[in-house]
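Text of final_27.cif (mmCIF, C-alpha atoms (C1' of nucleotides)) as supplied:
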data_run
loop_
_atom_site.label_atom_id
_atom_site.label_comp_id
_atom_site.auth_asym_id
_atom_site.auth_seq_id
_atom_site.Cartn_x
_atom_site.Cartn_y
_atom_site.Cartn_z
CA MET K 1 0.00 0.00 0.00
CA ALA K 2 2.58 2.51 -1.14
CA LEU K 3 0.05 5.04 -2.40
CA LYS K 4 -0.73 5.82 1.21
CA TYR K 5 2.87 6.95 1.72
CA ALA K 6 3.03 8.85 -1.55
CA ILE K 7 0.05 10.87 -0.34
CA LEU K 8 1.70 11.42 3.04
CA VAL K 9 4.78 12.73 1.24
CA SER K 10 2.55 15.14 -0.62
CA LEU K 11 0.83 16.21 2.60
CA SER K 12 4.19 16.65 4.32
CA GLU K 13 4.67 19.78 2.18
CA GLY K 14 1.53 21.28 3.64
CA PRO K 15 -2.23 20.75 4.02
CA LYS K 16 -3.95 19.74 0.81
CA SER K 17 -7.33 18.62 -0.47
CA GLY K 18 -7.79 15.43 -2.47
CA TYR K 19 -8.01 17.57 -5.55
CA ASP K 20 -4.67 19.25 -4.76
CA VAL K 21 -2.97 15.91 -4.20
CA ALA K 22 -4.37 14.57 -7.46
CA LYS K 23 -3.05 17.64 -9.26
CA GLN K 24 0.40 17.30 -7.74
CA PHE K 25 0.44 13.65 -8.76
CA ASP K 26 -0.14 14.80 -12.31
CA GLU K 27 2.82 17.13 -12.38
CA SER K 28 5.56 15.99 -10.01
CA ILE K 29 5.27 13.04 -7.62
CA GLY K 30 3.18 11.32 -10.27
CA PHE K 31 6.29 10.90 -12.44
CA PHE K 32 7.19 8.10 -10.08
CA TRP K 33 3.83 7.07 -8.69
CA ARG K 34 0.66 7.49 -10.69
CA ALA K 35 -2.84 7.31 -9.25
CA ARG K 36 -6.35 8.25 -10.31
CA HIS K 37 -8.40 10.66 -8.30
CA SER K 38 -10.87 7.93 -7.33
CA GLN K 39 -8.10 6.01 -5.65
CA ILE K 40 -6.57 9.11 -4.05
CA TYR K 41 -9.84 10.17 -2.42
CA ARG K 42 -10.42 6.63 -1.21
CA GLU K 43 -6.94 6.40 0.27
CA MET K 44 -7.13 9.84 1.91
CA GLY K 45 -10.31 8.78 3.65
CA LYS K 46 -8.37 5.88 5.11
CA LEU K 47 -5.56 8.18 6.27
CA ARG K 48 -8.16 10.20 8.16
CA ASP K 49 -9.78 7.05 9.60
CA ASN K 50 -6.41 5.80 10.79
CA GLY K 51 -5.39 9.11 12.34
CA LEU K 52 -2.49 9.72 9.95
CA ALA K 53 -4.12 12.94 8.79
CA SER K 54 -6.88 15.21 10.00
CA ALA K 55 -9.60 16.50 7.71
CA GLU K 56 -11.40 19.81 7.81
CA GLU K 57 -14.14 21.05 5.51
CA VAL K 58 -13.43 24.53 4.19
CA PRO K 59 -16.45 26.37 2.76
CA GLN K 60 -15.81 28.19 -0.50
CA LEU K 61 -17.80 30.77 -2.35
CA GLY K 62 -18.91 29.74 -5.82
CA LYS K 63 -17.07 26.42 -5.64
CA PRO K 64 -17.75 23.12 -3.92
CA ASN K 65 -16.37 22.95 -0.41
CA ARG K 66 -12.87 21.60 -0.06
CA ILE K 67 -11.90 18.97 2.46
CA VAL K 68 -8.40 19.90 3.50
CA PHE K 69 -6.19 17.20 4.98
CA THR K 70 -3.32 17.93 7.34
CA ILE K 71 -0.67 15.34 8.14
CA SER K 72 -0.58 14.38 11.83
CA ASP K 73 2.40 13.46 14.00
CA ALA K 74 1.39 9.83 13.59
CA GLY K 75 1.44 10.39 9.82
CA ARG K 76 4.90 11.92 9.94
CA GLN K 77 6.04 9.06 12.14
CA ALA K 78 4.60 6.53 9.67
CA LEU K 79 6.53 8.20 6.84
CA ARG K 80 9.79 8.05 8.78
CA GLN K 81 9.15 4.40 9.64
CA TRP K 82 8.48 3.62 6.01
CA SER K 83 11.83 5.11 4.94
CA LEU K 84 13.63 2.79 7.36
CA GLU K 85 12.19 -0.35 5.79
CA PRO K 86 14.37 -2.12 3.25
CA SER K 87 13.06 -1.19 -0.19
CA GLU K 88 13.17 -3.57 -3.10
CA PRO K 89 14.07 -2.11 -6.51
CA PRO K 90 11.19 -1.90 -8.96
CA GLU K 91 10.88 -4.67 -11.48
CA LEU K 92 11.34 -4.23 -15.18
CA LYS K 93 7.91 -5.07 -16.59
CA ASP K 94 7.28 -4.38 -20.23
CA HIS K 95 5.11 -6.37 -22.58
CA PHE K 96 7.13 -5.07 -25.51
CA LEU K 97 10.16 -6.98 -24.24
CA VAL K 98 7.95 -10.05 -23.93
CA GLN K 99 7.08 -9.60 -27.60
CA LEU K 100 10.79 -9.77 -28.41
CA TYR K 101 10.84 -13.24 -26.85
CA GLY K 102 8.21 -14.29 -29.36
CA ILE K 103 9.66 -12.36 -32.27
CA GLU K 104 9.32 -15.27 -34.67
CA THR K 105 5.57 -15.46 -34.20
CA ILE K 106 4.71 -11.77 -34.19
CA ASP K 107 4.79 -9.06 -36.83
CA ILE K 108 8.21 -7.42 -37.13
CA GLU K 109 6.84 -4.43 -38.96
CA GLY K 110 4.63 -3.85 -35.91
CA VAL K 111 7.72 -4.00 -33.72
CA ARG K 112 9.45 -1.39 -35.89
CA GLN K 113 6.44 0.91 -35.72
CA ASN K 114 6.40 0.58 -31.96
CA LEU K 115 10.12 1.30 -31.74
CA LEU K 116 9.64 4.53 -33.71
CA ARG K 117 6.67 5.43 -31.57
CA ARG K 118 8.59 4.79 -28.39
CA ILE K 119 11.55 6.90 -29.46
CA GLU K 120 9.17 9.85 -29.67
CA ARG K 121 7.52 9.09 -26.34
CA HIS K 122 10.83 8.71 -24.55
CA GLN K 123 12.24 11.86 -26.07
CA ASP K 124 9.18 13.76 -24.88
CA ARG K 125 9.42 12.38 -21.39
CA HIS K 126 13.14 13.05 -21.31
CA ALA K 127 12.52 16.66 -22.26
CA GLU K 128 9.94 16.92 -19.50
CA TYR K 129 12.35 15.66 -16.87
CA VAL K 130 15.11 17.96 -18.13
CA MET K 131 12.75 20.93 -17.90
CA LYS K 132 11.73 20.13 -14.33
CA HIS K 133 15.37 19.51 -13.45
CA LYS K 134 16.48 22.87 -14.82
CA LEU K 135 14.08 24.65 -12.48
CA LEU K 136 16.01 23.18 -9.57
CA GLU K 137 19.56 23.10 -10.86
CA ASN K 138 20.90 26.03 -8.86
CA SER K 139 19.34 25.01 -5.59
CA GLN K 140 21.36 23.17 -2.99
CA SER K 141 18.66 22.74 -0.39
CA LEU K 142 18.16 19.18 0.80
CA SER K 143 14.62 19.03 -0.48
CA ASP K 144 15.63 20.16 -3.96
CA VAL K 145 18.62 17.83 -4.11
CA GLY K 146 16.20 14.98 -3.39
CA LYS K 147 13.99 16.06 -6.27
CA GLN K 148 16.99 16.53 -8.56
CA LEU K 149 18.14 12.99 -7.84
CA ALA K 150 14.70 11.55 -8.56
CA LEU K 151 14.46 13.45 -11.84
CA GLU K 152 17.91 12.25 -12.80
CA VAL K 153 16.70 8.67 -12.59
CA GLY K 154 13.94 9.65 -15.00
CA MET K 155 16.40 11.33 -17.36
CA ARG K 156 18.72 8.32 -17.38
CA TRP K 157 15.83 5.90 -17.91
CA GLU K 158 14.32 7.79 -20.83
CA TRP K 159 17.67 8.43 -22.42
CA GLU K 160 18.66 4.78 -22.31
CA TRP K 161 15.38 3.87 -23.93
CA VAL K 162 15.90 6.30 -26.81
CA ASP K 163 19.38 4.92 -27.35
CA TRP K 164 18.26 1.30 -27.14
CA CYS K 165 15.28 1.79 -29.46
CA THR K 166 17.54 3.39 -32.04
CA GLN K 167 19.92 0.48 -31.87
CA ALA K 168 17.09 -2.06 -31.94
CA LEU K 169 15.71 -0.43 -35.09
CA GLU K 170 19.04 -1.00 -36.82
CA ARG K 171 19.38 -4.58 -35.62
CA LEU K 172 15.81 -5.32 -36.74
CA SER K 173 15.89 -3.41 -40.03
CA PRO K 174 14.30 -5.25 -42.97
CA GLU K 175 17.76 -5.93 -44.45
CA ALA K 176 19.15 -7.30 -41.19
CA VAL K 177 16.08 -9.50 -40.67
CA ALA K 178 16.30 -10.78 -44.26
CA LYS K 179 19.90 -11.86 -43.61
CA MET K 180 18.91 -13.60 -40.40
CA THR K 181 16.09 -15.57 -41.97
CA ASN K 182 18.51 -16.65 -44.72
CA ILE K 183 20.92 -18.03 -42.15
CA VAL K 184 18.18 -20.04 -40.47
CA PRO K 185 15.75 -20.91 -43.26
CA PHE K 186 12.71 -22.97 -42.41
CA GLU K 187 9.82 -22.71 -44.82
CA GLN K 188 12.16 -21.35 -47.50
CA ALA K 189 14.20 -24.54 -47.54
CA GLY K 190 11.61 -26.41 -49.56
CA ASP K 191 11.09 -23.55 -52.01
CA ARG K 192 14.46 -23.85 -53.70
CA MET U 1 -4.56 -8.44 -19.82
CA ALA U 2 -1.00 -8.78 -20.99
CA LEU U 3 -0.30 -11.98 -19.07
CA LYS U 4 -2.47 -13.74 -21.60
CA TYR U 5 -0.10 -12.72 -24.36
CA ALA U 6 3.01 -13.49 -22.35
CA ILE U 7 1.69 -17.04 -21.96
CA LEU U 8 0.91 -17.23 -25.68
CA VAL U 9 4.50 -16.17 -26.42
CA SER U 10 5.67 -18.99 -24.18
CA LEU U 11 3.33 -21.47 -25.90
CA SER U 12 4.47 -20.26 -29.33
CA GLU U 13 7.76 -22.08 -28.66
CA GLY U 14 5.91 -25.34 -28.27
CA PRO U 15 3.22 -27.13 -26.22
CA LYS U 16 3.60 -26.63 -22.50
CA SER U 17 1.82 -27.38 -19.24
CA GLY U 18 1.03 -24.70 -16.69
CA TYR U 19 3.95 -25.93 -14.70
CA ASP U 20 6.30 -25.53 -17.66
CA VAL U 21 5.10 -22.01 -18.34
CA ALA U 22 5.53 -21.08 -14.68
CA LYS U 23 9.08 -22.42 -14.78
CA GLN U 24 9.92 -20.48 -17.91
CA PHE U 25 8.53 -17.35 -16.31
CA ASP U 26 10.97 -17.87 -13.48
CA GLU U 27 14.01 -18.06 -15.70
CA SER U 28 13.53 -16.07 -18.91
CA ILE U 29 10.30 -14.34 -19.90
CA GLY U 30 9.75 -13.62 -16.22
CA PHE U 31 12.59 -11.08 -16.29
CA PHE U 32 10.11 -8.82 -18.05
CA TRP U 33 6.78 -10.20 -16.89
CA ARG U 34 6.38 -11.90 -13.53
CA ALA U 35 3.41 -14.04 -12.55
CA ARG U 36 2.58 -16.60 -9.89
CA HIS U 37 1.57 -20.11 -10.81
CA SER U 38 -1.95 -19.58 -9.49
CA GLN U 39 -2.47 -16.75 -11.94
CA ILE U 40 -0.85 -18.64 -14.78
CA TYR U 41 -3.13 -21.66 -14.37
CA ARG U 42 -6.16 -19.40 -14.16
CA GLU U 43 -5.17 -17.52 -17.30
CA MET U 44 -4.35 -20.69 -19.22
CA GLY U 45 -7.81 -22.00 -18.44
CA LYS U 46 -9.20 -18.86 -20.06
CA LEU U 47 -7.01 -19.36 -23.14
CA ARG U 48 -8.53 -22.82 -23.51
CA ASP U 49 -12.06 -21.49 -22.95
CA ASN U 50 -11.53 -18.82 -25.61
CA GLY U 51 -10.05 -21.21 -28.14
CA LEU U 52 -6.61 -19.59 -28.16
CA ALA U 53 -5.06 -22.87 -27.02
CA SER U 54 -6.14 -26.48 -26.82
CA ALA U 55 -5.61 -28.59 -23.72
CA GLU U 56 -4.87 -32.28 -23.49
CA GLU U 57 -4.38 -34.34 -20.37
CA VAL U 58 -1.27 -36.49 -20.56
CA PRO U 59 -1.11 -39.37 -18.07
CA GLN U 60 2.22 -39.77 -16.33
CA LEU U 61 3.60 -42.58 -14.30
CA GLY U 62 4.50 -41.73 -10.75
CA LYS U 63 3.55 -38.07 -11.12
CA PRO U 64 0.30 -36.15 -11.30
CA ASN U 65 -1.05 -35.95 -14.85
CA ARG U 66 0.03 -32.97 -16.91
CA ILE U 67 -2.39 -30.81 -18.84
CA VAL U 68 -0.50 -29.81 -21.95
CA PHE U 69 -1.60 -26.70 -23.80
CA THR U 70 -0.97 -26.14 -27.48
CA ILE U 71 -1.36 -22.72 -29.10
CA SER U 72 -4.06 -22.65 -31.79
CA ASP U 73 -4.15 -20.69 -35.04
CA ALA U 74 -6.49 -18.25 -33.32
CA GLY U 75 -3.89 -17.90 -30.56
CA ARG U 76 -1.12 -17.23 -33.04
CA GLN U 77 -3.37 -14.73 -34.79
CA ALA U 78 -4.09 -13.01 -31.47
CA LEU U 79 -0.36 -12.71 -30.80
CA ARG U 80 0.26 -11.16 -34.20
CA GLN U 81 -2.62 -8.77 -33.70
CA TRP U 82 -1.24 -7.77 -30.31
CA SER U 83 2.16 -6.89 -31.79
CA LEU U 84 0.45 -4.53 -34.24
CA GLU U 85 -1.18 -2.50 -31.51
CA PRO U 86 0.61 0.68 -30.47
CA SER U 87 2.41 -0.11 -27.24
CA GLU U 88 2.92 2.49 -24.53
CA PRO U 89 6.29 2.52 -22.77
CA PRO U 90 6.24 1.24 -19.19
CA GLU U 91 6.03 3.80 -16.46
CA LEU U 92 8.74 4.51 -13.96
CA LYS U 93 7.13 3.56 -10.66
CA ASP U 94 9.33 3.44 -7.58
CA HIS U 95 8.35 4.35 -4.07
CA PHE U 96 12.00 5.04 -3.28
CA LEU U 97 11.92 7.99 -5.68
CA VAL U 98 8.74 9.16 -3.96
CA GLN U 99 10.67 9.12 -0.71
CA LEU U 100 13.20 11.49 -2.25
CA TYR U 101 10.36 13.97 -2.78
CA GLY U 102 9.73 13.91 0.93
CA ILE U 103 13.38 13.78 1.94
CA GLU U 104 13.00 16.45 4.60
CA THR U 105 10.43 14.41 6.50
CA ILE U 106 11.99 10.97 6.24
CA ASP U 107 15.13 9.42 7.70
CA ILE U 108 18.21 10.04 5.56
CA GLU U 109 20.18 7.26 7.16
CA GLY U 110 17.40 4.92 6.02
CA VAL U 111 17.81 6.29 2.50
CA ARG U 112 21.55 5.62 2.61
CA GLN U 113 21.00 2.06 3.79
CA ASN U 114 18.56 1.49 0.97
CA LEU U 115 20.98 2.93 -1.57
CA LEU U 116 23.68 0.49 -0.43
CA ARG U 117 21.19 -2.35 -0.51
CA ARG U 118 20.05 -1.46 -3.97
CA ILE U 119 23.56 -1.26 -5.37
CA GLU U 120 23.96 -4.92 -4.41
CA ARG U 121 20.60 -5.94 -5.84
CA HIS U 122 21.21 -4.16 -9.12
CA GLN U 123 24.70 -5.58 -9.46
CA ASP U 124 23.28 -9.07 -8.95
CA ARG U 125 20.57 -8.57 -11.51
CA HIS U 126 23.03 -7.04 -13.93
CA ALA U 127 25.26 -10.10 -13.58
CA GLU U 128 22.26 -12.34 -14.24
CA TYR U 129 21.37 -10.53 -17.45
CA VAL U 130 25.00 -10.55 -18.61
CA MET U 131 25.16 -14.30 -18.01
CA LYS U 132 22.00 -14.98 -20.01
CA HIS U 133 23.21 -12.64 -22.73
CA LYS U 134 26.55 -14.43 -23.03
CA LEU U 135 24.75 -17.69 -23.80
CA LEU U 136 23.30 -16.05 -26.91
CA GLU U 137 26.07 -13.74 -28.00
CA ASN U 138 27.27 -15.74 -30.98
CA SER U 139 23.85 -16.47 -32.35
CA GLN U 140 22.46 -14.42 -35.19
CA SER U 141 19.10 -16.14 -35.50
CA LEU U 142 16.12 -13.79 -35.37
CA SER U 143 14.75 -15.41 -32.24
CA ASP U 144 18.05 -15.00 -30.37
CA VAL U 145 18.56 -11.43 -31.55
CA GLY U 146 15.15 -10.65 -30.05
CA LYS U 147 16.20 -12.16 -26.74
CA GLN U 148 19.55 -10.38 -26.86
CA LEU U 149 17.82 -7.04 -27.33
CA ALA U 150 15.47 -7.67 -24.42
CA LEU U 151 18.34 -8.65 -22.13
CA GLU U 152 20.25 -5.55 -23.20
CA VAL U 153 17.43 -3.39 -21.86
CA GLY U 154 17.84 -5.20 -18.56
CA MET U 155 21.58 -4.68 -18.56
CA ARG U 156 21.27 -0.97 -19.29
CA TRP U 157 18.59 -0.51 -16.65
CA GLU U 158 20.51 -2.26 -13.90
CA TRP U 159 23.75 -0.57 -14.78
CA GLU U 160 22.23 2.89 -14.70
CA TRP U 161 20.80 2.14 -11.28
CA VAL U 162 24.17 1.08 -9.89
CA ASP U 163 25.72 4.24 -11.26
CA TRP U 164 22.93 6.48 -10.00
CA CYS U 165 22.86 4.93 -6.51
CA THR U 166 26.62 5.45 -6.19
CA GLN U 167 26.25 9.08 -7.15
CA ALA U 168 23.26 9.56 -4.86
CA LEU U 169 25.24 8.13 -1.94
CA GLU U 170 27.86 10.84 -2.47
CA ARG U 171 25.34 13.63 -2.86
CA LEU U 172 23.54 12.48 0.29
CA SER U 173 26.61 11.69 2.39
CA PRO U 174 26.42 12.90 6.01
CA GLU U 175 28.92 15.69 5.23
CA ALA U 176 27.02 16.88 2.17
CA VAL U 177 23.71 16.82 4.04
CA ALA U 178 25.25 18.75 6.96
CA LYS U 179 26.35 21.46 4.54
CA MET U 180 22.88 21.63 2.99
CA THR U 181 21.11 21.98 6.29
CA ASN U 182 23.57 24.76 7.21
CA ILE U 183 22.76 26.65 4.05
CA VAL U 184 19.04 26.47 4.75
CA PRO U 185 18.80 26.51 8.54
CA PHE U 186 15.40 26.35 10.11
CA GLU U 187 15.30 25.07 13.66
CA GLN U 188 19.01 25.80 14.03
CA ALA U 189 18.52 29.52 13.46
CA GLY U 190 17.22 30.08 16.96
CA ASP U 191 19.98 27.99 18.56
CA ARG U 192 22.79 30.44 17.82
"C1'" DC H 1 12.04 -42.95 9.25
"C1'" DA H 2 11.25 -38.14 8.63
"C1'" DT H 3 11.75 -34.31 5.96
"C1'" DA H 4 12.55 -31.66 1.95
"C1'" DT H 5 12.12 -31.03 -2.93
"C1'" DA H 6 10.11 -31.48 -7.44
"C1'" DT H 7 6.02 -32.36 -10.09
"C1'" DA H 8 1.27 -30.93 -10.92
"C1'" DT H 9 -3.23 -28.38 -10.46
"C1'" DG H 10 -6.44 -25.51 -8.57
"C1'" DC H 11 -9.58 -22.40 -5.29
"C1'" DA H 12 -10.77 -18.59 -2.10
"C1'" DA H 13 -9.96 -14.40 -0.12
"C1'" DC H 14 -7.71 -10.33 -0.42
"C1'" DT H 15 -5.34 -5.84 -2.17
"C1'" DA H 16 -4.41 -2.54 -5.65
"C1'" DG H 17 -5.69 -0.05 -9.35
"C1'" DT H 18 -8.94 1.33 -13.46
"C1'" DG H 19 -12.91 3.41 -15.55
"C1'" DG H 20 -16.84 5.65 -15.46
"C1'" DA H 21 -20.78 8.03 -13.72
"C1'" DA H 22 -23.16 11.27 -10.65
"C1'" DT H 23 -23.50 15.70 -8.45
"C1'" DA H 24 -22.76 20.61 -8.21
"C1'" DA H 25 -21.48 25.45 -9.39
"C1'" DG H 26 -19.03 29.06 -11.86
"C1'" DG H 27 -16.65 30.93 -15.99
"C1'" DG H 28 -15.47 31.48 -20.76
"C1'" DA H 29 -16.05 30.54 -25.92
"C1'" DG H 30 -18.86 30.57 -29.72
"C1'" DC A 1 -27.91 30.48 -24.60
"C1'" DT A 2 -25.69 26.41 -24.81
"C1'" DC A 3 -21.67 23.74 -24.41
"C1'" DC A 4 -17.57 22.67 -22.46
"C1'" DC A 5 -13.90 23.32 -18.97
"C1'" DT A 6 -12.33 23.68 -14.25
"C1'" DT A 7 -13.00 22.98 -9.54
"C1'" DA A 8 -14.41 19.48 -6.07
"C1'" DT A 9 -16.04 15.17 -4.09
"C1'" DT A 10 -18.11 10.50 -3.84
"C1'" DC A 11 -19.26 5.91 -5.17
"C1'" DC A 12 -19.47 1.53 -7.55
"C1'" DA A 13 -18.38 -2.16 -10.66
"C1'" DC A 14 -14.66 -4.25 -12.65
"C1'" DT A 15 -9.86 -6.20 -13.70
"C1'" DA A 16 -5.35 -7.67 -12.40
"C1'" DG A 17 -2.47 -9.60 -9.38
"C1'" DT A 18 -0.99 -11.57 -4.60
"C1'" DT A 19 -1.13 -14.71 -0.71
"C1'" DG A 20 -2.08 -18.67 1.23
"C1'" DC A 21 -4.07 -22.99 1.28
"C1'" DA A 22 -5.31 -27.81 -0.30
"C1'" DT A 23 -4.38 -31.94 -2.72
"C1'" DA A 24 -1.53 -35.63 -4.80
"C1'" DT A 25 2.77 -38.60 -5.43
"C1'" DA A 26 7.73 -39.85 -6.19
"C1'" DT A 27 12.45 -39.21 -5.22
"C1'" DA A 28 16.36 -37.64 -2.80
"C1'" DT A 29 18.67 -36.23 1.60
"C1'" DG A 30 19.78 -36.66 6.24
#
Encoding of this model in C-alpha cells:
Amino acid sequence: MALKYAILVSLSEGPKSGYDVAKQFDESIGFFWRARHSQIYREMGKLRDNGLASAEEVPQLGKPNRIVFTISDAGRQALRQWSLEPSEPPELKDHFLVQLYGIETIDIEGVRQNLLRRIERHQDRHAEYVMKHKLLENSQSLSDVGKQLALEVGMRWEWEWVDWCTQALERLSPEAVAKMTNIVPFEQAGDR
Amino acid sequence: MALKYAILVSLSEGPKSGYDVAKQFDESIGFFWRARHSQIYREMGKLRDNGLASAEEVPQLGKPNRIVFTISDAGRQALRQWSLEPSEPPELKDHFLVQLYGIETIDIEGVRQNLLRRIERHQDRHAEYVMKHKLLENSQSLSDVGKQLALEVGMRWEWEWVDWCTQALERLSPEAVAKMTNIVPFEQAGDR
DNA sequence: CATATATATGCAACTAGTGGAATAAGGGAG
DNA sequence: CTCCCTTATTCCACTAGTTGCATATATATG
C-alpha cells in the first residue's frame, strides 16, 4: 500500500485537499507514482480514519467545499518508519520486451512501428524531466537535491530507452532480418 | 490483460503445461513479466475457454497428470494482432523515488541504507542478465537477436541504477547533508 | 524414518488499481 | 444560450495480481 505513503509525502509539504494531491500527482510526484483521483480520495479517507491525517471542511464561495487534509504526527512518524524499511528495486515489466521473446511469431513491422513510436515518447518524457530539473539546478537545499536525484533517474531511464530503441531499429531493419532468416531458413528450404 | 499474451508467447515455442510455463517465467520471460503459478493456471484455463489454445491431459507414471496446452491458429493470430497495436512505454514507478520527494520528513540514514542495498541488488541482476546474454552472443538467429535485445534493456537498466545509486550516496553523504542543512537553517537559526 | 524437494493443479480471499458516472457550481467561448 | 472546462467530491463495478491454502505422489537427503 505505497500510495498511502506517496500521499503522506505530498501532505508533508503542507495541508492539501484530495483535488490538490491529485493535481500534484499529475505534475511531479506522479512521475514516479501514478494514481487516479478515485483512488486518491479513497486512500485519503483511510488516512483520516487511521489518524495519519486530519480532515477539515473549508467552505468556499462559488465552488464546492474543499476537504483539506493535514498530516498528523502519527502520519509523519509513519513516513519516517516507512523510509527505514528495506526497499526492493522496482521490477522491469514491459510487454514489448515479452514480444521480443516471441519475435518469430509476431509481426516485425509492428515492432518497428512501436520502436519509432517509443523513441518519440521517450524523447518527450526526457525533455519533461530535463525541464523540471532545470528549475532546480541552482538550488542546494536538501529538499531540492532529493527532487533533482529523482528526476535524474527519469532522465537516465528515458535516455537509455531512446538509445536502445535506435539500436534495436538498426538490428531489426528489414535488411538485417532478411539476412537472419537466410541463415536459419525454415519454410524457404523447400522452395528452392 | 498482458499476461495472456506473455503465456501465448511462451506457448508459441511449443506445447507446455502450466507448470512448464511457470518455470519459464521464473528463468527467462519472467525477467520482463512476472506471474505466480496460481495466476498462470487461471489464465491458461481462459485461453482454452476462448479457443486460443487447446488442452490435453497427458497421463504420467509416478507423477500427477500434466495438462498440456498447445497454441491454436487463433492464438497465433491473437499474438500477431497484439504486436500490431501501439504499445505504450512502461512507467517509472518506484516508491523510493517518492521518498526522495519527501526527503525532509523521512530518515536520511534509512535512505543511505537502501541505496547500499540497492547497489547490491542491481549488481546481482546485472550479472544475471549478462550471463543470459553471453549464452546467446554468438547467435544471429532472429529469435536469439530478439532475446539479446530484451536482455540488453535489462543490462542498461541495472547498470544505470548502480551508477545512479553510487552518485546519490555521495550527494547524500552525512557531510554533504550537513552542509545543505547549514545553508538552509530552520530550527538551528534560533539555537545560535 | 522423517523431511525436503520437485512435479502438478487448482480455489478462495484479499489488495491494488482502473474506468466511469453522478452531483454541483461558476466561468469562458462561440 | 448552450456547451464545455475547471473545480471538487463520492461511489461503484470491474480487472489484475498476490497470498495462502489444499491436494496428490515420487524421489532424494539426512
Quick one: residues within 9 Å of (4.7, -8.0, -21.4) (file frame), counting only C-alpha atoms (C1' of nucleotides), please, as an mmCIF file with C-alpha atoms, keeping the file's coordinate frame.
data_model
loop_
_atom_site.group_PDB
_atom_site.id
_atom_site.type_symbol
_atom_site.label_atom_id
_atom_site.label_comp_id
_atom_site.auth_asym_id
_atom_site.auth_seq_id
_atom_site.Cartn_x
_atom_site.Cartn_y
_atom_site.Cartn_z
ATOM 1 C CA LYS K 93 7.910 -5.070 -16.590
ATOM 2 C CA ASP K 94 7.280 -4.380 -20.230
ATOM 3 C CA HIS K 95 5.110 -6.370 -22.580
ATOM 4 C CA PHE K 96 7.130 -5.070 -25.510
ATOM 5 C CA LEU K 97 10.160 -6.980 -24.240
ATOM 6 C CA VAL K 98 7.950 -10.050 -23.930
ATOM 7 C CA GLN K 99 7.080 -9.600 -27.600
ATOM 8 C CA ALA U 2 -1.000 -8.780 -20.990
ATOM 9 C CA LEU U 3 -0.300 -11.980 -19.070
ATOM 10 C CA TYR U 5 -0.100 -12.720 -24.360
ATOM 11 C CA ALA U 6 3.010 -13.490 -22.350
ATOM 12 C CA ILE U 29 10.300 -14.340 -19.900
ATOM 13 C CA PHE U 32 10.110 -8.820 -18.050
ATOM 14 C CA TRP U 33 6.780 -10.200 -16.890
ATOM 15 C CA ARG U 34 6.380 -11.900 -13.530
#
| message | Please compute the CA of His133 in chain U-CA of Ser87 in chain K distance, one decimal, in Å. | response | 27.2 Å
| field | Residue with smallest distance to Gln140 in chain U - pool K:Ala78, K:Val58, K:Leu172, K:Pro86, counting all atoms listed in the file | value | K:Leu172
| message | Given the PyMOL selection byres ((chain U) within 8 of (chain H)) and the file above, list the residues it selects as a ChimeraX atom specification. | response | /U:19,38,41,63-66
Saved selection, atoms kept: C-alpha atoms, as a PDB file, in the frame of the given file:
ATOM      1  CA  TYR U  19       3.950 -25.930 -14.700  1.00  0.00           C
ATOM      2  CA  SER U  38      -1.950 -19.580  -9.490  1.00  0.00           C
ATOM      3  CA  TYR U  41      -3.130 -21.660 -14.370  1.00  0.00           C
ATOM      4  CA  LYS U  63       3.550 -38.070 -11.120  1.00  0.00           C
ATOM      5  CA  PRO U  64       0.300 -36.150 -11.300  1.00  0.00           C
ATOM      6  CA  ASN U  65      -1.050 -35.950 -14.850  1.00  0.00           C
ATOM      7  CA  ARG U  66       0.030 -32.970 -16.910  1.00  0.00           C
TER       8      ARG U  66
END
| field | Output check: residues returned by the PyMOL selection byres ((chain A) within 12 of (chain K)), as a PyMOL selection string | value | chain A and resi 6-12
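When only C-alpha atoms are used to measure the gap to Gly110 in chain U, the shortest distance among U:Leu169, U:Leu52, U:Ile71, U:Met155 belongs to U:Leu169.
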List the residues selected by the PyMOL selection byres ((chain U and resi 149) around 10) in the file shown, writing them as a compact mmCIF listing (two decimals) with C-alpha atoms, in the frame of the given file.
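Contents of the output file expr_18.txt:
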# COMPACT_ATOMS: atom_id res chain seq x y z
CA LEU K 97 10.16 -6.98 -24.24
CA LEU K 100 10.79 -9.77 -28.41
CA TYR K 101 10.84 -13.24 -26.85
CA TRP K 164 18.26 1.30 -27.14
CA CYS K 165 15.28 1.79 -29.46
CA GLN K 167 19.92 0.48 -31.87
CA ALA K 168 17.09 -2.06 -31.94
CA ARG K 171 19.38 -4.58 -35.62
CA LEU K 172 15.81 -5.32 -36.74
CA HIS U 133 23.21 -12.64 -22.73
CA ASP U 144 18.05 -15.00 -30.37
CA VAL U 145 18.56 -11.43 -31.55
CA GLY U 146 15.15 -10.65 -30.05
CA LYS U 147 16.20 -12.16 -26.74
CA GLN U 148 19.55 -10.38 -26.86
CA ALA U 150 15.47 -7.67 -24.42
CA LEU U 151 18.34 -8.65 -22.13
CA GLU U 152 20.25 -5.55 -23.20
CA VAL U 153 17.43 -3.39 -21.86
CA GLY U 154 17.84 -5.20 -18.56
CA MET U 155 21.58 -4.68 -18.56
| request: To one decimal in Å, tell me the separation between CA of Ala35 in chain U and CA of Pro90 in chain K. | output: 14.9 Å
| query | Interatomic distance between CA of Glu91 in chain K and CA of Val162 in chain U? | reply |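 Computing it gives 14.6 Å between the two atoms.
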| query | Which residue, U:Met180, U:Leu8, U:Ile40, U:Ala53, has the smallest gap to chain K when you use all atoms listed in the file? | reply |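 Closest to chain K of all the choices is U:Met180.
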| Which residue of U:Lys23, U:Arg76, U:Arg156, U:Arg48 approaches Glu104 in chain K most closely, using all atoms listed in the file | U:Arg76
| request: Determine the nearest neighbour of chain K from the options U:Asp49, U:Glu57, U:Glu109, U:Glu175, counting only C-alpha atoms. | output: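 Of U:Asp49, U:Glu57, U:Glu109, U:Glu175, the one nearest chain K, counting only C-alpha atoms, is U:Glu109.
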| query | Could you name the residues that touch Arg117 in chain U at 10 Å or less, counting all atoms listed in the file, but leaving out those on the same chain fewer than 2 positions away, as a ChimeraX atom specification? | reply | /K:86-89 /U:111-115,119-122,165
| task | Counting only C-alpha atoms, figure out which residue out of K:Glu160, K:Glu170, K:Glu128, K:Asp73 gets nearest to chain U. | result | K:Glu160
What are the centre and edge lengths in Å, to one decimal, of the axis-aligned box around all listed atoms of range 11-19 of chain A with 6 Å added on each side, as AutoDock Vina command-line options?
--center_x -10.2 --center_y -4.4 --center_z -7.2 --size_x 30.5 --size_y 32.6 --size_z 25.0
